[in-house]
>>> print(open('coords_22.cif').read())   # mmCIF, C-alpha atoms
data_entry
#
loop_
_atom_site.label_atom_id
_atom_site.label_comp_id
_atom_site.auth_asym_id
_atom_site.auth_seq_id
_atom_site.Cartn_x
_atom_site.Cartn_y
_atom_site.Cartn_z
CA MET R 1 0.00 0.00 0.00
CA GLU R 2 1.33 3.45 -0.94
CA ASN R 3 1.66 6.27 1.52
CA ASN R 4 -0.32 9.19 0.11
CA SER R 5 -0.53 12.52 1.85
CA ILE R 6 -3.76 14.50 1.84
CA PHE R 7 -3.40 18.27 1.97
CA GLN R 8 -5.58 19.89 4.58
CA HIS R 9 -4.97 23.57 3.83
CA LEU R 10 -5.33 23.66 0.06
CA ASP R 11 -8.35 25.97 -0.02
CA SER R 12 -7.53 28.08 3.02
CA PRO R 13 -7.63 31.86 2.43
CA THR R 14 -4.50 33.93 2.01
CA ARG R 15 -3.28 35.29 5.33
CA PHE R 16 -1.14 38.21 6.43
CA LEU R 17 0.36 37.41 9.83
CA TYR R 18 -2.74 36.12 11.65
CA TRP R 19 -5.59 37.76 9.72
CA THR R 20 -7.13 36.98 6.34
CA MET R 21 -6.51 39.44 3.53
CA ASP R 22 -10.06 40.79 3.53
CA ALA R 23 -9.81 41.61 7.24
CA VAL R 24 -6.45 43.30 6.67
CA LEU R 25 -7.91 45.42 3.87
CA ILE R 26 -10.93 46.39 5.97
CA PHE R 27 -8.53 47.55 8.67
CA LEU R 28 -5.96 49.13 6.35
CA ILE R 29 -8.13 51.15 3.95
CA PRO R 30 -9.73 53.51 6.55
CA PHE R 31 -6.37 53.89 8.27
CA LEU R 32 -4.62 54.87 5.03
CA ILE R 33 -7.39 57.29 4.08
CA GLY R 34 -7.03 58.95 7.47
CA PHE R 35 -3.24 58.94 7.22
CA PHE R 36 -3.10 60.55 3.78
CA SER R 37 -5.80 63.09 4.61
CA GLY R 38 -3.96 64.18 7.74
CA HIS R 39 -6.41 62.72 10.25
CA VAL R 40 -4.53 59.75 11.65
CA LEU R 41 -6.59 59.47 14.83
CA ILE R 42 -9.91 59.49 12.96
CA GLY R 43 -8.54 56.96 10.46
CA THR R 44 -7.33 54.69 13.25
CA ILE R 45 -10.62 54.85 15.13
CA SER R 46 -12.66 54.24 11.98
CA SER R 47 -10.45 51.30 11.02
CA PHE R 48 -10.99 49.72 14.45
CA VAL R 49 -14.74 50.27 14.16
CA ALA R 50 -14.84 48.80 10.63
CA PHE R 51 -12.73 45.82 11.70
CA ARG R 52 -14.92 45.18 14.74
CA PHE R 53 -18.06 45.39 12.59
CA TYR R 54 -16.51 42.97 10.09
CA ARG R 55 -15.64 40.48 12.85
CA LYS R 56 -19.18 40.64 14.25
CA VAL R 57 -20.70 40.04 10.81
CA THR R 58 -18.37 37.12 10.04
CA SER R 59 -19.00 35.53 13.43
CA LYS R 60 -22.76 35.76 12.94
CA PHE R 61 -22.85 34.83 9.24
CA SER R 62 -20.43 33.04 6.92
CA SER R 63 -17.13 34.57 5.87
CA GLY R 64 -18.33 35.41 2.34
CA PHE R 65 -21.51 37.13 3.52
CA LEU R 66 -20.33 40.67 2.82
CA GLN R 67 -19.19 39.76 -0.69
CA ARG R 68 -22.59 38.29 -1.50
CA PHE R 69 -24.37 41.20 0.17
CA PHE R 70 -22.47 43.78 -1.89
CA TYR R 71 -22.94 41.73 -5.06
CA TRP R 72 -26.71 41.72 -4.67
CA HIS R 73 -27.25 45.20 -3.27
CA LEU R 74 -24.65 47.16 -5.23
CA PRO R 75 -24.94 45.73 -8.75
CA GLN R 76 -23.82 48.88 -10.53
CA ILE R 77 -20.48 48.88 -8.69
CA SER R 78 -19.79 45.15 -8.90
CA SER R 79 -20.67 44.87 -12.60
CA LYS R 80 -18.00 47.43 -13.51
CA HIS R 81 -15.19 45.56 -11.81
CA LEU R 82 -16.28 41.96 -12.19
CA LYS R 83 -16.61 41.39 -15.91
CA SER R 84 -16.74 37.57 -15.68
CA THR R 85 -19.74 37.45 -13.32
CA PRO R 86 -23.27 37.92 -14.62
CA PRO R 87 -25.30 40.90 -13.42
CA SER R 88 -27.26 40.23 -10.23
CA TRP R 89 -30.57 41.49 -11.60
CA ILE R 90 -30.81 38.81 -14.33
CA ARG R 91 -32.88 35.93 -12.95
CA GLU R 92 -33.16 33.61 -15.97
CA TYR R 93 -30.96 32.93 -18.97
CA LEU R 94 -32.26 31.63 -22.27
CA GLY R 95 -30.23 29.29 -24.48
#
>>> encode(input="coords_22.cif", output="structure tokens")
Amino acid sequence: MENNSIFQHLDSPTRFLYWTMDAVLIFLIPFLIGFFSGHVLIGTISSFVAFRFYRKVTSKFSSGFLQRFFYWHLPQISSKHLKSTPPSWIREYLG
């Protein structure tokens, strides 16, 4: 019998230190906006608030909940950037 190894972390999300990349971006974007606008304290506080809100949402719902929420409720923004995905307002396809 052959010894085969089974990978357990093949589909795990990309991480930066301890956090996933989406959590890092949610923390980093408000901080950088505050830093470049000259309001470091406001940027830091808003990044902590956004990160805390994100952690509460992901603990209550699944980790991809915000992606799906923004896809369905902001179709005009997501359709510009995501060319390979169909628009969210189309319910049936013919052919």
>>> residues_near_point(input="coords_22.cif", point="(-11.0, 45.3, 3.6)", cutoff="12 Å", atoms="all atoms listed in the file", output="ChimeraX atom specification")
/R:19-32,47-48,50-55,66-67
>>> atom_distance(input="coords_22.cif", atom1="CA of Gly43 (chain R)", atom2="CA of Trp72 (chain R)")
28.1 Å
>>> atom_distance(input="coords_22.cif", atom1="CA of Arg91 (chain R)", atom2="CA of Val57 (chain R)")
27.0 Å
>>> atom_distance(input="coords_22.cif", atom1="CA of Thr44 (chain R)", atom2="CA of Ser59 (chain R)")
22.4 Å
>>> axis_aligned_box(input="coords_22.cif", around="region 49-53 of chain R", padding_each_side="6 Å", output="AutoDock Vina command-line options")
--center_x -15.4 --center_y 47.7 --center_z 12.7 --size_x 17.3 --size_y 17.1 --size_z 16.1
>>> closest_residue(input="coords_22.cif", among="R:Pro13, R:Asn3, R:Val40, R:Tyr93", to="Gly64 (chain R)", atoms="all atoms listed in the file")
R:Pro13
